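Working notes for the structure below.
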Number of protein chains: 2
Amino acid sequence: MLEFAILGLLQESPMHGYELRKELTAKLGAIRAAISYGSLYPTLRRLQAAGWITEAAETPATAEEVPALTSRRGRVVYKITAEGKERFAQLIAQAGPETYDDTGFGVHFAFFARTDQATRLRILEGRRRKIEERREGLRDVLGRAAERLDAYTLELQRHGLDACEREVRWLEELIANERSGRAPTVPHIGTAGGRREDNSPPPPGETRNERP
Amino acid sequence: MLEFAILGLLQESPMHGYELRKELTAKLGAIRAAISYGSLYPTLRRLQAAGWITEAAETPATAEEVPALTSRRGRVVYKITAEGKERFAQLIAQAGPETYDDTGFGVHFAFFARTDQATRLRILEGRRRKIEERREGLRDVLGRAAERLDAYTLELQRHGLDACEREVRWLEELIANERSGRAPTVPHIGTAGGRREDNSPPPPGETRNERP
DNA sequence: CGTGCGATGTATCGGTCCGATACATCGCGG
DNA sequence: CCGCGATGTATCGGACCGATACATCGCACG
């Protein structure tokens, strides 16, 4: 998961660890707390060893005046390699069952802008099936095994069931949108200027702007 | 987390690993997929080594006829010890910040029937605060950093924000109920007969039965 | 003027938990 | 009679977390 997210982010621009964590937190804030350095740094090392990313020496930027003396040990900037991009594409292509659990799905979804439509559809439907199964399990428990459980546990199940139903509806909408070739209903996007320096696919198309 | 859940479950009745996993899955189905044997068995061993649980030899039940020969190696039943019950109480008492993340909160909530009201309130409020913080973070991103993110990422944040607002409302209700000394609004409970063999606290009180 | 504190930044260690895998028994239907 | 799904115990490598350590920089407050 982390590997996937790092490769995805580094395709937007080179970054050092700290920055990577902040961007990751911003992008994945909806689905997980905050990535730990205890996972981040070892993973960066692993990716570098595999050749998916490389260290890009920090540009000193007009700092010829202070060459050594303080040794100027600073941030380590990483950039993705061609092999890394291939790797990322491969990880997207082989989106399997493990892609449908909460975290896995969220991370993949966050990079849907770099995912082709067919794969997007496949992932959304896989996720829907998984949530439907969870929903049925909860309904079973709330029906058949209700008297074996205490009031609090039941309340927990009920809340979980509600969340499942809600997510299924959300996924249905996304799937319908996807099939009709539109992007998710997005409030402002509009004339989002911004830089466009890399080979990311064109934005999935602006859409009308209503309250759901 | 697993330690807590196992100690909680074994207070209802002795169980072997497989059964434990099934009960755990039923009780926690709303918040996590299914506990892995790769965590369950090592944890059981750890709890046994610590003295919180003991192996209760399987009662052969009229099986004197077939003593050895097949060696009759079967399930290993565990039961909680007095120290284990103390340990569980201690884990409840020291419910700290780590109790407020998604899994931690869910597991603690599932055992609210064995938790005193003051602690229940403390946990619910801690959780609410945490979710409110997450909500604010998402609002920030959706406000300030919106144009830096693609339509899919934004949609993910929006869905997450919605879930946060919903959970806060849910928690508010639970807190209000808790303060007024009622159990969560529960549809049937009613005259739940059932065995009552241990020292679990009395059920938190029946409540009226309306659609929310 | 200094000093201390919060943000930036890199890094490791122990521990928890997962996913895959292996293997054995039992009952039942084909 | 044979296979298959449910029951049941167990291990191993790997992913990720939380705590911790340590160093630099800028600026606000005394």
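A note on labels: chains of the structure tokens are A, B, ... as shown, every chain counts residues from 1, and ligands are counted from 1 in their shown order.
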Exercise answer, chain D residues close to chain A, 12 Å and only C-alpha atoms (C1' of nucleotides), as a short mmCIF file (atom, residue, chain, number, x, y, z; two decimals) with N, CA and C atoms (P, O5', C5', C4', C3', O3' and C1' of nucleotides), in the first residue's frame:
```cif
data_model
loop_
_atom_site.label_atom_id
_atom_site.label_comp_id
_atom_site.auth_asym_id
_atom_site.auth_seq_id
_atom_site.Cartn_x
_atom_site.Cartn_y
_atom_site.Cartn_z
P DG D 14 10.41 -11.65 3.80
"O5'" DG D 14 9.23 -10.57 3.92
"C5'" DG D 14 7.98 -10.85 3.30
"C4'" DG D 14 6.94 -9.87 3.75
"C3'" DG D 14 7.44 -8.43 3.86
"O3'" DG D 14 6.47 -7.57 3.30
"C1'" DG D 14 6.43 -9.09 5.88
P DA D 15 6.87 -6.12 2.85
"O5'" DA D 15 5.65 -5.25 3.41
"C5'" DA D 15 4.33 -5.74 3.29
"C4'" DA D 15 3.44 -5.03 4.26
"C3'" DA D 15 3.72 -3.53 4.39
"O3'" DA D 15 2.48 -2.85 4.40
"C1'" DA D 15 3.89 -4.59 6.53
P DC D 16 2.45 -1.24 4.16
"O5'" DC D 16 2.28 -0.69 5.64
"C5'" DC D 16 1.15 -1.12 6.42
"C4'" DC D 16 1.41 -0.80 7.86
"C3'" DC D 16 1.92 0.62 8.14
"O3'" DC D 16 0.86 1.38 8.69
"C1'" DC D 16 2.99 -1.07 9.49
P DC D 17 1.08 2.85 9.29
"O5'" DC D 17 1.23 2.55 10.85
"C5'" DC D 17 0.37 1.60 11.47
"C4'" DC D 17 0.67 1.51 12.96
"C3'" DC D 17 0.91 2.86 13.62
"O3'" DC D 17 0.24 2.86 14.87
"C1'" DC D 17 2.81 1.46 13.95
P DG D 18 -0.13 4.26 15.59
"O5'" DG D 18 0.89 4.31 16.82
"C5'" DG D 18 1.01 3.17 17.66
"C4'" DG D 18 2.09 3.42 18.69
"C3'" DG D 18 2.26 4.88 19.11
"O3'" DG D 18 2.45 4.92 20.53
"C1'" DG D 18 4.30 4.07 18.20
P DA D 19 2.75 6.32 21.26
"O5'" DA D 19 4.26 6.09 21.73
"C5'" DA D 19 4.71 4.75 21.96
"C4'" DA D 19 6.21 4.76 22.26
"C3'" DA D 19 6.74 6.06 22.87
"O3'" DA D 19 7.64 5.73 23.92
"C1'" DA D 19 7.90 5.57 20.85
P DT D 20 8.39 6.90 24.77
"O5'" DT D 20 9.82 7.06 24.06
"C5'" DT D 20 10.53 5.90 23.63
"C4'" DT D 20 11.69 6.33 22.78
"C3'" DT D 20 12.34 7.66 23.18
"O3'" DT D 20 13.64 7.40 23.70
"C1'" DT D 20 12.13 7.44 20.81
P DA D 23 22.57 15.45 18.39
"O5'" DA D 23 22.77 16.32 17.08
"C5'" DA D 23 22.64 15.77 15.76
"C4'" DA D 23 21.96 16.77 14.87
"C3'" DA D 23 22.18 18.23 15.30
"O3'" DA D 23 22.81 18.96 14.25
"C1'" DA D 23 19.89 17.79 14.83
P DT D 24 23.22 20.52 14.41
"O5'" DT D 24 22.08 21.22 13.56
"C5'" DT D 24 21.86 20.84 12.21
"C4'" DT D 24 20.70 21.65 11.65
"C3'" DT D 24 20.84 23.16 11.83
"O3'" DT D 24 20.59 23.78 10.57
"C1'" DT D 24 18.75 22.41 12.63
P DC D 25 21.06 25.34 10.31
"O5'" DC D 25 19.66 26.11 10.34
"C5'" DC D 25 18.61 25.66 9.50
"C4'" DC D 25 17.31 26.34 9.91
"C3'" DC D 25 17.46 27.83 10.22
"O3'" DC D 25 16.59 28.57 9.39
"C1'" DC D 25 16.21 26.71 11.91
#
```
Using only C-alpha atoms (C1' of nucleotides), determine which residues lie at most 12 Å from DC5 of chain C, disregarding the query and same-chain residues fewer than 6 positions distant; provide the list as a ChimeraX atom specification. /D:25-29
Interface list for chain C, partner chain B, 9 Å threshold, only C-alpha atoms (C1' of nucleotides), as a list in words: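 So the contacting residues turn out to be DT16, DC17, DC18, DG19 and DT25 of chain C.
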Convert the current residue selection to file output with N, CA and C atoms (P, O5', C5', C4', C3', O3' and C1' of nucleotides), as an mmCIF file, in the first residue's frame.
```
data_model
loop_
_atom_site.group_PDB
_atom_site.id
_atom_site.type_symbol
_atom_site.label_atom_id
_atom_site.label_comp_id
_atom_site.auth_asym_id
_atom_site.auth_seq_id
_atom_site.Cartn_x
_atom_site.Cartn_y
_atom_site.Cartn_z
ATOM 1 P P DT C 16 3.106 -7.100 21.373
ATOM 2 O "O5'" DT C 16 1.972 -6.736 20.307
ATOM 3 C "C5'" DT C 16 1.576 -5.385 20.138
ATOM 4 C "C4'" DT C 16 0.838 -5.256 18.828
ATOM 5 C "C3'" DT C 16 -0.142 -6.403 18.562
ATOM 6 O "O3'" DT C 16 -1.375 -5.819 18.188
ATOM 7 C "C1'" DT C 16 1.328 -6.133 16.715
ATOM 8 P P DC C 17 -2.748 -6.731 18.154
ATOM 9 O "O5'" DC C 17 -2.832 -7.129 16.611
ATOM 10 C "C5'" DC C 17 -2.982 -6.093 15.639
ATOM 11 C "C4'" DC C 17 -2.685 -6.646 14.288
ATOM 12 C "C3'" DC C 17 -3.456 -7.923 13.927
ATOM 13 O "O3'" DC C 17 -4.453 -7.588 12.969
ATOM 14 C "C1'" DC C 17 -1.153 -7.966 13.206
ATOM 15 P P DC C 18 -5.351 -8.709 12.215
ATOM 16 O "O5'" DC C 18 -4.599 -8.862 10.816
ATOM 17 C "C5'" DC C 18 -4.142 -7.718 10.134
ATOM 18 C "C4'" DC C 18 -3.454 -8.111 8.847
ATOM 19 C "C3'" DC C 18 -4.175 -9.200 8.064
ATOM 20 O "O3'" DC C 18 -4.166 -8.844 6.690
ATOM 21 C "C1'" DC C 18 -1.952 -9.894 8.527
ATOM 22 P P DG C 19 -5.236 -9.497 5.683
ATOM 23 O "O5'" DG C 19 -4.338 -10.505 4.800
ATOM 24 C "C5'" DG C 19 -3.124 -10.029 4.229
ATOM 25 C "C4'" DG C 19 -2.415 -11.170 3.530
ATOM 26 C "C3'" DG C 19 -3.329 -12.230 2.927
ATOM 27 O "O3'" DG C 19 -2.801 -12.601 1.653
ATOM 28 C "C1'" DG C 19 -1.875 -13.240 4.515
ATOM 29 P P DT C 25 -5.548 -37.440 11.287
ATOM 30 O "O5'" DT C 25 -6.968 -36.834 11.635
ATOM 31 C "C5'" DT C 25 -7.163 -36.200 12.894
ATOM 32 C "C4'" DT C 25 -8.595 -35.714 12.957
ATOM 33 C "C3'" DT C 25 -9.638 -36.791 12.640
ATOM 34 O "O3'" DT C 25 -10.602 -36.785 13.685
ATOM 35 C "C1'" DT C 25 -10.029 -34.836 11.353
#
```
Could you produce a table of the residues of chain A lying within 6 Å of chain B, with the nearest pair of atoms per residue and their separation in Å rounded to one decimal, using only C-alpha atoms, ordered by chain and increasing residue number, as CSV?
```
residue,atom,partner,partner_atom,distance
A:Ala30,CA,B:Gly160,CA,4.8
A:Ala110,CA,B:Thr153,CA,4.9
A:Thr153,CA,B:Ala110,CA,4.9
A:Gln157,CA,B:Ala30,CA,5.2
A:Gly160,CA,B:Ala30,CA,4.8
```
Counting only C-alpha atoms, closest pick from A:Lys79, A:Arg120, A:Arg139, A:Arg179 relative to Leu10 of chain A is A:Lys79
For atom CA of Arg129 of chain B and atom CA of Arg182 of chain B, quote the distance in Å rounded to one decimal.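 Interatomic distance, atom CA of Arg129 of chain B to atom CA of Arg182 of chain B: 22.1 Å.
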To one decimal place in Å, what is the distance between atom CA of Leu124 of chain B and atom CA of Gln90 of chain B? 18.1 Å
Expected answer as a ChimeraX atom specification: alpha helix (DSSP H) residues in segment 11-111 of chain A: /A:17-28,37-50,82-93,102-110
Could the residues in this selection be written to a file with N, CA and C atoms, as a compact mmCIF listing (two decimals), in the first residue's frame?
```txt
# COMPACT_ATOMS: atom_id res chain seq x y z
N GLY A 17 11.33 12.92 2.43
CA GLY A 17 10.47 12.15 3.31
C GLY A 17 9.39 12.94 4.03
N TYR A 18 9.79 13.99 4.65
CA TYR A 18 8.87 14.80 5.44
C TYR A 18 7.72 15.33 4.59
N GLU A 19 8.09 15.85 3.44
CA GLU A 19 7.12 16.39 2.50
C GLU A 19 6.17 15.29 2.03
N LEU A 20 6.76 14.16 1.72
CA LEU A 20 6.00 12.99 1.28
C LEU A 20 4.94 12.64 2.30
N ARG A 21 5.32 12.65 3.55
CA ARG A 21 4.37 12.33 4.60
C ARG A 21 3.23 13.34 4.66
N LYS A 22 3.57 14.61 4.50
CA LYS A 22 2.53 15.63 4.55
C LYS A 22 1.54 15.48 3.39
N GLU A 23 2.09 15.28 2.21
CA GLU A 23 1.23 15.12 1.04
C GLU A 23 0.35 13.89 1.18
N LEU A 24 0.98 12.82 1.66
CA LEU A 24 0.26 11.56 1.89
C LEU A 24 -0.89 11.78 2.86
N THR A 25 -0.61 12.52 3.91
CA THR A 25 -1.63 12.78 4.92
C THR A 25 -2.77 13.60 4.33
N ALA A 26 -2.42 14.57 3.49
CA ALA A 26 -3.45 15.39 2.87
C ALA A 26 -4.30 14.56 1.91
N LYS A 27 -3.64 13.73 1.14
CA LYS A 27 -4.34 12.98 0.10
C LYS A 27 -5.16 11.83 0.68
N LEU A 28 -4.65 11.22 1.73
CA LEU A 28 -5.31 10.04 2.29
C LEU A 28 -5.99 10.34 3.62
N TYR A 37 6.66 7.37 10.28
CA TYR A 37 8.03 7.36 9.77
C TYR A 37 8.64 5.97 9.89
N GLY A 38 8.18 5.25 10.85
CA GLY A 38 8.66 3.89 11.03
C GLY A 38 8.33 2.98 9.87
N SER A 39 7.38 3.38 9.04
CA SER A 39 7.11 2.63 7.81
C SER A 39 7.67 3.37 6.61
N LEU A 40 7.60 4.69 6.67
CA LEU A 40 7.98 5.49 5.51
C LEU A 40 9.45 5.31 5.13
N TYR A 41 10.34 5.53 6.07
CA TYR A 41 11.77 5.50 5.73
C TYR A 41 12.24 4.12 5.30
N PRO A 42 11.89 3.07 6.01
CA PRO A 42 12.28 1.75 5.51
C PRO A 42 11.72 1.46 4.11
N THR A 43 10.50 1.92 3.86
CA THR A 43 9.92 1.68 2.53
C THR A 43 10.68 2.45 1.46
N LEU A 44 11.06 3.68 1.75
CA LEU A 44 11.85 4.45 0.80
C LEU A 44 13.15 3.72 0.47
N ARG A 45 13.77 3.18 1.51
CA ARG A 45 15.01 2.44 1.32
C ARG A 45 14.77 1.21 0.41
N ARG A 46 13.66 0.55 0.70
CA ARG A 46 13.33 -0.64 -0.09
C ARG A 46 13.10 -0.28 -1.55
N LEU A 47 12.35 0.80 -1.78
CA LEU A 47 12.07 1.21 -3.16
C LEU A 47 13.35 1.62 -3.88
N GLN A 48 14.24 2.27 -3.14
CA GLN A 48 15.50 2.67 -3.75
C GLN A 48 16.34 1.45 -4.12
N ALA A 49 16.37 0.48 -3.20
CA ALA A 49 17.13 -0.74 -3.47
C ALA A 49 16.58 -1.47 -4.69
N ALA A 50 15.27 -1.40 -4.86
CA ALA A 50 14.64 -2.08 -5.99
C ALA A 50 14.81 -1.29 -7.29
N ALA A 82 12.12 5.47 -14.36
CA ALA A 82 11.28 4.88 -15.40
C ALA A 82 10.75 3.53 -14.93
N GLU A 83 11.64 2.73 -14.29
CA GLU A 83 11.21 1.44 -13.77
C GLU A 83 10.14 1.61 -12.71
N GLY A 84 10.25 2.67 -11.94
CA GLY A 84 9.26 2.95 -10.91
C GLY A 84 7.88 3.21 -11.51
N LYS A 85 7.87 3.94 -12.62
CA LYS A 85 6.60 4.23 -13.29
C LYS A 85 5.98 2.94 -13.83
N GLU A 86 6.86 2.09 -14.38
CA GLU A 86 6.38 0.79 -14.85
C GLU A 86 5.76 0.01 -13.69
N ARG A 87 6.48 0.00 -12.59
CA ARG A 87 6.03 -0.71 -11.40
C ARG A 87 4.65 -0.24 -10.96
N PHE A 88 4.49 1.08 -10.96
CA PHE A 88 3.22 1.67 -10.55
C PHE A 88 2.09 1.21 -11.47
N ALA A 89 2.37 1.26 -12.76
CA ALA A 89 1.36 0.82 -13.73
C ALA A 89 1.00 -0.64 -13.51
N GLN A 90 2.02 -1.44 -13.21
CA GLN A 90 1.80 -2.86 -12.98
C GLN A 90 0.93 -3.08 -11.74
N LEU A 91 1.20 -2.32 -10.69
CA LEU A 91 0.41 -2.43 -9.46
C LEU A 91 -1.04 -2.06 -9.71
N ILE A 92 -1.26 -1.08 -10.56
CA ILE A 92 -2.63 -0.72 -10.90
C ILE A 92 -3.30 -1.84 -11.67
N ALA A 93 -2.57 -2.38 -12.65
CA ALA A 93 -3.16 -3.40 -13.52
C ALA A 93 -3.60 -4.63 -12.74
N ASP A 102 -10.69 -1.82 3.14
CA ASP A 102 -10.85 -0.40 3.39
C ASP A 102 -9.65 0.43 2.95
N THR A 103 -8.49 0.10 3.48
CA THR A 103 -7.31 0.91 3.18
C THR A 103 -6.91 0.77 1.72
N GLY A 104 -6.84 -0.47 1.26
CA GLY A 104 -6.41 -0.72 -0.10
C GLY A 104 -7.28 0.01 -1.11
N PHE A 105 -8.57 -0.06 -0.92
CA PHE A 105 -9.48 0.63 -1.84
C PHE A 105 -9.25 2.14 -1.79
N GLY A 106 -9.18 2.68 -0.60
CA GLY A 106 -9.00 4.12 -0.45
C GLY A 106 -7.76 4.61 -1.16
N VAL A 107 -6.66 3.92 -0.98
CA VAL A 107 -5.42 4.36 -1.60
C VAL A 107 -5.52 4.28 -3.12
N HIS A 108 -6.08 3.19 -3.62
CA HIS A 108 -6.24 3.09 -5.07
C HIS A 108 -7.15 4.19 -5.60
N PHE A 109 -8.22 4.43 -4.87
CA PHE A 109 -9.17 5.46 -5.31
C PHE A 109 -8.50 6.83 -5.38
N ALA A 110 -7.64 7.09 -4.43
CA ALA A 110 -6.96 8.39 -4.39
C ALA A 110 -6.09 8.62 -5.63
```
So the first atom is atom C1' of DC26 of chain C and the second is atom C1' of DT7 of chain D; what is the distance between them in Å, to one decimal place?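 Separation of atom C1' of DC26 of chain C and atom C1' of DT7 of chain D: 7.9 Å.
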Residues within 8 Å of Leu121 of chain B, please, as a list in words. Count only C-alpha atoms (C1' of nucleotides); anything in the same chain fewer than 2 positions from it doesn't count.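 Skipping anything fewer than 2 positions along the chain leaves Gln117, Ala118, Thr119, Ile123, Leu124, Glu125, Ile175, Glu178 and Arg179 of chain B.
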May I have the residues from that selection written out with C-alpha atoms, as an mmCIF file, in the first residue's frame?
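The file below, part-v2.cif, is the result:
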```cif
data_model
loop_
_atom_site.group_PDB
_atom_site.id
_atom_site.type_symbol
_atom_site.label_atom_id
_atom_site.label_comp_id
_atom_site.auth_asym_id
_atom_site.auth_seq_id
_atom_site.Cartn_x
_atom_site.Cartn_y
_atom_site.Cartn_z
ATOM 1 C CA GLN B 117 -20.671 4.469 32.899
ATOM 2 C CA ALA B 118 -18.007 7.053 33.714
ATOM 3 C CA THR B 119 -15.474 5.280 31.499
ATOM 4 C CA ILE B 123 -14.310 7.056 25.781
ATOM 5 C CA LEU B 124 -17.265 8.409 23.812
ATOM 6 C CA GLU B 125 -16.118 11.971 24.354
ATOM 7 C CA ILE B 175 -23.448 10.567 24.914
ATOM 8 C CA GLU B 178 -25.418 7.824 28.475
ATOM 9 C CA ARG B 179 -25.808 10.958 30.542
#
```
